[in-house]
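Engineer: Quick one: structure below, then a few questions.
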Amino acid sequence: MHWLRHRGWLALAAGLDALGVCLFAAWIDRERAGFLSTQLGLLAMLVAIYLSLGWLFGSFTLVKIRRLRWDQLVLRLAITSATTIATGAVLGWLLRAPPEVTLLHRGSLLPLFTLAALWSGGVRLWLRRLAHSTQQDPWIIVSLPGEQEAIRAEWERIGALRTPSIHVLAEGCSQLESRPGSSGLALSQGVLNQPDGLDSCSRILAEGRPITSLALAAEKELQRIPPRWVGDQWLLFSDRREQGGGSFERQLKRYADVMVSLLLLLLCAPLLAVAAALIRLSDGGPVLYRQWRTGLQGKRFEVIKLRTMVSDAEEEGEAIWSGPNDRRITPVGHWLRRTRLDELPQLINVLQGEMSLIGPRPERPELETDLERCIPNYRLRHWIRPGLSGWAQVNMPYTSTLEDAELKLSYDLFYLRNGSVWLDLLILLKTIKIVLKAAGR
């Protein structure tokens, strides 16, 4: 699971944060005998609150972002610490904690999570340095002269911590050789198409160095697969094609889709009622909006959404993307889009089997005509059922240009190759984070 390997440092940061909170709590309350036995459950709750708020406010991503600013470090940790202190104080008030429950006293909460914030800052700086010092260039990319800049730009497009070395071949694959200090060579599509490529690859493999394609190297290191690097290797995705019947994991996913959708519709019914009333009161137009989208195997279906634009947003019938500061979006629509509540009616599409909770977002057929012409391997995303949220939606902003659509497809191709119950859970957690922070488009 390539996506899991990239989160090892984040898991280590969470474990060290939890250890720090426990140690500081014991030190602050060291004069009370039997502290750990009497307040262990409460301490575990405070640790869980601190870690979950750190996740929500992005303190763990400080470990892996490409360029760390000091104000970014201080602000995220300060907000996490202050919110934890406030939550602990409110918890103590709600529970009417007696004097002997010292962990919920302000005299304990303030120093505990101030020290925890300082500890977390040190942990993140140390882990960043450790990650950079121990990180080995996993691949040397081998390309033709005309491919170098495009490869470098793609690798640096979404915050890769390190750009690998790029070796440019001037005259055929006879120059190919393994390099010490790397796992192997990642060959571009142009190099793979060289007439002497197979003989050179065999020689390097005999030396004990692995060789991979540029697409598979990107899958491991970038957690996405740029469609232009796939070339004619589309058979890499053939065993992930969603078909009738299906494996136990696919049946489990369908069961989860139905049960979670029913639960969400029940829990969110009051929110949907309020949103519907606000939409109706804002301009008197319809509450729901139906639109044709392309689904599994290219079949069309009508997606259901809460209306976020003016009623005549496409009065001329031309399909266009919604861009930043789109004047067609209503004031209520802005709020619905930021919280992604406008997507909730699509749970009906999930129940009908047209969509899944997690998968590539379905696109409009009118827009896909141009996308299929301009972006290679675009139709591969139709091999899996579209979703309410997906790997692209939790890793990049809203699509509004052809370039964005190609980037989105690179994440969809990664999901097509690596989709699993565990990756779906990660996407679900990231989606919840976006909703809680109102960070949607």
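Within each chain, counting starts at residue 1; across the structure tokens, chains are named A, B, ... in the order shown, with ligands numbered 1 upward in that order.
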Hey, what's within 9 Å of stretch 13-20 of chain A if we count only C-alpha atoms and toss same-chain stuff fewer than 2 positions away? As a list in words, please?
Structural biologist: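 Counting only the stated atoms, we get Gly8, Trp9, Leu10, Ala11, Cys22, Leu23, Phe24, Ala25, Ala44, Val47, Ala48, Tyr50, Leu51, Gly54, Phe60, Val63, Leu115, Ala116, Ala117, Trp119, Ser120, Val123, Arg124 and Leu127 of chain A.
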Engineer: Check the DSSP output for the backbone and give back, as a ChimeraX atom specification, the residues of stretch 295-437 of chain A in strand (DSSP E).
Structural biologist: /A:300-306,356-358,387-389
Engineer: Save the residues we just selected, C-alpha atoms, as a short mmCIF file (atom, residue, chain, number, x, y, z; two decimals), in the first residue's frame?
Structural biologist:
```cif
data_model
loop_
_atom_site.label_atom_id
_atom_site.label_comp_id
_atom_site.auth_asym_id
_atom_site.auth_seq_id
_atom_site.Cartn_x
_atom_site.Cartn_y
_atom_site.Cartn_z
CA ARG A 300 -25.03 8.09 -17.97
CA PHE A 301 -27.12 8.81 -14.91
CA GLU A 302 -28.75 11.84 -13.28
CA VAL A 303 -26.89 13.13 -10.26
CA ILE A 304 -28.93 14.89 -7.54
CA LYS A 305 -27.55 17.93 -5.70
CA LEU A 306 -28.77 20.86 -3.65
CA SER A 356 -20.32 4.75 -4.35
CA LEU A 357 -19.35 6.73 -1.28
CA ILE A 358 -15.70 6.69 -2.40
CA GLY A 387 -18.01 8.34 -5.81
CA LEU A 388 -19.33 11.05 -3.55
CA SER A 389 -15.74 11.83 -2.54
#
```
Engineer: Report, in Å with one decimal, the straight-line distance from atom CA of A:Trp139 to atom CA of A:Asn395.
Structural biologist: 23.6 Å
Engineer: Tell me which of A:Leu288, A:Ile28, A:Leu130, A:Leu112 sits closest to A:Ala276, counting only C-alpha atoms.
Structural biologist: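 Going through A:Leu288, A:Ile28, A:Leu130, A:Leu112 one by one, the smallest distance to A:Ala276 is for A:Leu288.
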Engineer: Just how far from atom CA of A:Leu380 is atom CA of A:Ile141, in Å to one decimal?
Structural biologist: 25.3 Å
Engineer: For A:Trp93, please output as a list in words all residues within 12 Å (counting only C-alpha atoms; exclusion window: fewer than 5 positions along the same chain).
Structural biologist: Ala86, Thr87, Gly88, Pro98, Pro99, Val101, Leu104, His105 and Arg106 of chain A
Engineer: Hey, what's within 12 Å of A:Ile434 if we count only C-alpha atoms and toss same-chain stuff fewer than 5 positions away? As a CSV table (one decimal) with N, CA and C atoms, in the first residue's frame, please?
Structural biologist:
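Okay, around.csv is ready:
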```csv
chain,number,residue,atom,x,y,z
A,55,TRP,N,-4.8,16.7,14.2
A,55,TRP,CA,-5.1,16.3,12.8
A,55,TRP,C,-6.0,17.2,12.1
A,56,LEU,N,-7.1,17.8,12.8
A,56,LEU,CA,-8.0,18.7,12.2
A,56,LEU,C,-7.3,20.0,11.8
A,57,PHE,N,-6.5,20.5,12.6
A,57,PHE,CA,-5.8,21.8,12.3
A,57,PHE,C,-4.5,21.7,11.5
A,58,GLY,N,-4.2,20.5,11.1
A,58,GLY,CA,-3.0,20.3,10.2
A,58,GLY,C,-1.7,20.3,10.9
A,337,ARG,N,-21.3,24.8,-0.6
A,337,ARG,CA,-20.2,24.2,-1.3
A,337,ARG,C,-19.0,24.1,-0.3
A,338,ARG,N,-18.7,25.0,0.5
A,338,ARG,CA,-17.6,25.0,1.4
A,338,ARG,C,-17.7,23.8,2.4
A,339,THR,N,-19.0,23.5,2.8
A,339,THR,CA,-19.2,22.4,3.7
A,339,THR,C,-19.5,21.1,3.0
A,340,ARG,N,-19.6,21.2,1.7
A,340,ARG,CA,-20.0,20.1,0.8
A,340,ARG,C,-21.4,19.5,1.2
A,341,LEU,N,-22.2,20.2,1.8
A,341,LEU,CA,-23.5,19.8,2.1
A,341,LEU,C,-24.4,19.6,0.8
A,389,SER,N,-17.0,11.2,-2.8
A,389,SER,CA,-15.7,11.8,-2.5
A,389,SER,C,-14.7,10.9,-3.1
A,393,GLN,N,-10.3,14.5,-4.7
A,393,GLN,CA,-11.0,15.5,-4.0
A,393,GLN,C,-10.4,15.9,-2.7
A,394,VAL,N,-9.7,14.9,-2.0
A,394,VAL,CA,-9.0,15.2,-0.7
A,394,VAL,C,-7.6,15.6,-0.9
A,395,ASN,N,-7.1,15.6,-2.1
A,395,ASN,CA,-5.7,15.9,-2.3
A,395,ASN,C,-5.4,17.2,-3.2
A,396,MET,N,-6.5,17.7,-3.8
A,396,MET,CA,-6.3,18.9,-4.7
A,396,MET,C,-7.5,19.8,-4.6
A,397,PRO,N,-7.4,21.0,-5.1
A,397,PRO,CA,-8.6,21.9,-5.1
A,397,PRO,C,-9.6,21.5,-6.2
A,427,ILE,N,-9.7,8.2,2.9
A,427,ILE,CA,-10.4,9.2,2.1
A,427,ILE,C,-11.6,9.8,2.9
A,428,LEU,N,-12.3,8.8,3.6
A,428,LEU,CA,-13.5,9.2,4.4
A,428,LEU,C,-13.1,10.2,5.5
A,429,LEU,N,-12.0,9.9,6.2
A,429,LEU,CA,-11.5,10.7,7.3
A,429,LEU,C,-11.0,12.1,6.7
A,439,ALA,N,-13.6,23.6,4.2
A,439,ALA,CA,-12.5,23.9,3.3
A,439,ALA,C,-12.8,23.4,1.8
A,440,GLY,N,-14.1,23.2,1.5
A,440,GLY,CA,-14.5,22.8,0.2
A,440,GLY,C,-14.4,24.0,-0.7
A,441,ARG,N,-14.7,23.7,-2.0
A,441,ARG,CA,-14.6,24.8,-3.0
A,441,ARG,C,-15.9,25.6,-3.0
```
Engineer: List every residue of stretch 79-157 of chain A that DSSP, applied to the backbone of this structure, assigns to alpha helix (DSSP H), and report them as a ChimeraX atom specification.
Structural biologist: /A:79-95,106-134,148-155
Engineer: Could you save the residues just selected, with C-alpha atoms, as a CSV table (one decimal), in the first residue's frame?
Structural biologist:
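Result saved to part-v4.csv:
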```csv
chain,number,residue,atom,x,y,z
A,79,ILE,CA,-4.4,26.7,17.8
A,80,THR,CA,-4.3,23.0,18.6
A,81,SER,CA,-3.1,23.6,22.2
A,82,ALA,CA,-5.6,26.4,22.9
A,83,THR,CA,-8.5,24.5,21.5
A,84,THR,CA,-7.6,21.4,23.6
A,85,ILE,CA,-7.3,23.6,26.7
A,86,ALA,CA,-10.8,25.1,26.0
A,87,THR,CA,-12.3,21.6,25.3
A,88,GLY,CA,-10.8,20.2,28.5
A,89,ALA,CA,-12.2,23.2,30.5
A,90,VAL,CA,-15.7,22.8,29.0
A,91,LEU,CA,-15.5,19.0,29.7
A,92,GLY,CA,-14.7,19.7,33.3
A,93,TRP,CA,-17.6,22.1,33.6
A,94,LEU,CA,-20.0,19.7,32.0
A,95,LEU,CA,-18.9,16.8,34.2
A,106,ARG,CA,-7.1,25.2,34.5
A,107,GLY,CA,-4.0,25.0,36.6
A,108,SER,CA,-3.2,21.6,35.0
A,109,LEU,CA,-4.6,22.1,31.5
A,110,LEU,CA,-2.7,25.4,30.8
A,111,PRO,CA,0.8,24.1,31.6
A,112,LEU,CA,0.1,20.6,30.3
A,113,PHE,CA,-0.8,21.6,26.8
A,114,THR,CA,1.6,24.6,26.6
A,115,LEU,CA,4.4,22.1,27.2
A,116,ALA,CA,2.7,19.7,24.8
A,117,ALA,CA,2.8,22.3,22.1
A,118,LEU,CA,6.5,23.0,22.6
A,119,TRP,CA,7.2,19.3,22.6
A,120,SER,CA,5.2,18.8,19.4
A,121,GLY,CA,7.1,21.6,17.7
A,122,GLY,CA,10.4,19.9,18.6
A,123,VAL,CA,9.1,16.6,17.5
A,124,ARG,CA,8.1,17.9,14.1
A,125,LEU,CA,11.4,19.7,13.5
A,126,TRP,CA,13.4,16.6,14.6
A,127,LEU,CA,11.3,14.3,12.4
A,128,ARG,CA,11.7,16.6,9.3
A,129,ARG,CA,15.5,16.6,9.8
A,130,LEU,CA,15.5,12.8,10.3
A,131,ALA,CA,13.3,12.2,7.3
A,132,HIS,CA,15.6,14.3,5.1
A,133,SER,CA,18.8,12.8,6.4
A,134,THR,CA,17.6,9.2,6.0
A,148,GLN,CA,13.4,16.3,-18.8
A,149,GLU,CA,11.7,19.6,-18.0
A,150,ALA,CA,8.2,18.1,-18.2
A,151,ILE,CA,9.2,15.3,-15.8
A,152,ARG,CA,10.7,17.7,-13.4
A,153,ALA,CA,7.7,20.0,-13.5
A,154,GLU,CA,5.3,17.1,-12.9
A,155,TRP,CA,7.3,15.8,-10.0
```
Engineer: Select, from A:Leu68, A:Leu236, A:Ala405, A:Leu12, the residue with the minimum atom-to-atom distance to A:Arg417, counting only C-alpha atoms.
Structural biologist: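 When distances to A:Arg417 are compared using only C-alpha atoms, the smallest one comes from A:Leu236.
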Engineer: Using Å and a single decimal, report how far atom CA of A:His334 sits from atom CA of A:Ala78.
Structural biologist: 28.8 Å
Engineer: I need the residue nearest A:Glu363 from this list: A:Gln72, A:Thr294, A:Ser188, A:Ser420. Use only C-alpha atoms for the distance.
Structural biologist: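 Closest to A:Glu363 of all the choices is A:Thr294.
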Engineer: Show which residues sit within 10 Å of A:Ser282, as a list of chain:residue names. Count only C-alpha atoms, and ignore same-chain residues fewer than 6 positions away.
Structural biologist: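 Near A:Ser282, the qualifying residues are A:Ala276, A:Val310, A:Thr330, A:Pro331, A:Val332, A:Gly333.
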Engineer: I'd like the contact shell of A:Gln233 - 10 Å cut-off, only C-alpha atoms, skipping same-chain residues fewer than 5 positions apart - returned as a count of residues only.
Structural biologist: 5
Engineer: Which residues come within 12 Å of stretch 247-252 of chain A, counting only C-alpha atoms, excluding same-chain residues fewer than 6 positions away, as a JSON list (two decimals) with C-alpha atoms, in the first residue's frame?
Structural biologist:
```json
[["chain", "number", "residue", "atom", "x", "y", "z"],
["A", 239, "ASP", "CA", -7.22, -6.35, -12.99],
["A", 240, "ARG", "CA", -8.87, -3.48, -11.08],
["A", 241, "ARG", "CA", -11.79, -3.17, -13.47],
["A", 258, "VAL", "CA", -25.89, 1.28, 1.60],
["A", 259, "MET", "CA", -25.67, 1.24, 5.39],
["A", 260, "VAL", "CA", -23.63, 4.45, 5.73],
["A", 356, "SER", "CA", -20.32, 4.75, -4.35],
["A", 358, "ILE", "CA", -15.70, 6.69, -2.40],
["A", 384, "ILE", "CA", -14.70, 2.01, -11.46],
["A", 385, "ARG", "CA", -17.95, 3.28, -9.96],
["A", 419, "GLY", "CA", -8.32, 1.22, -4.04],
["A", 420, "SER", "CA", -9.09, -0.79, -0.89],
["A", 421, "VAL", "CA", -11.18, -0.67, 2.26],
["A", 422, "TRP", "CA", -8.29, 0.98, 4.12],
["A", 424, "ASP", "CA", -11.48, 4.31, 1.46]]
```
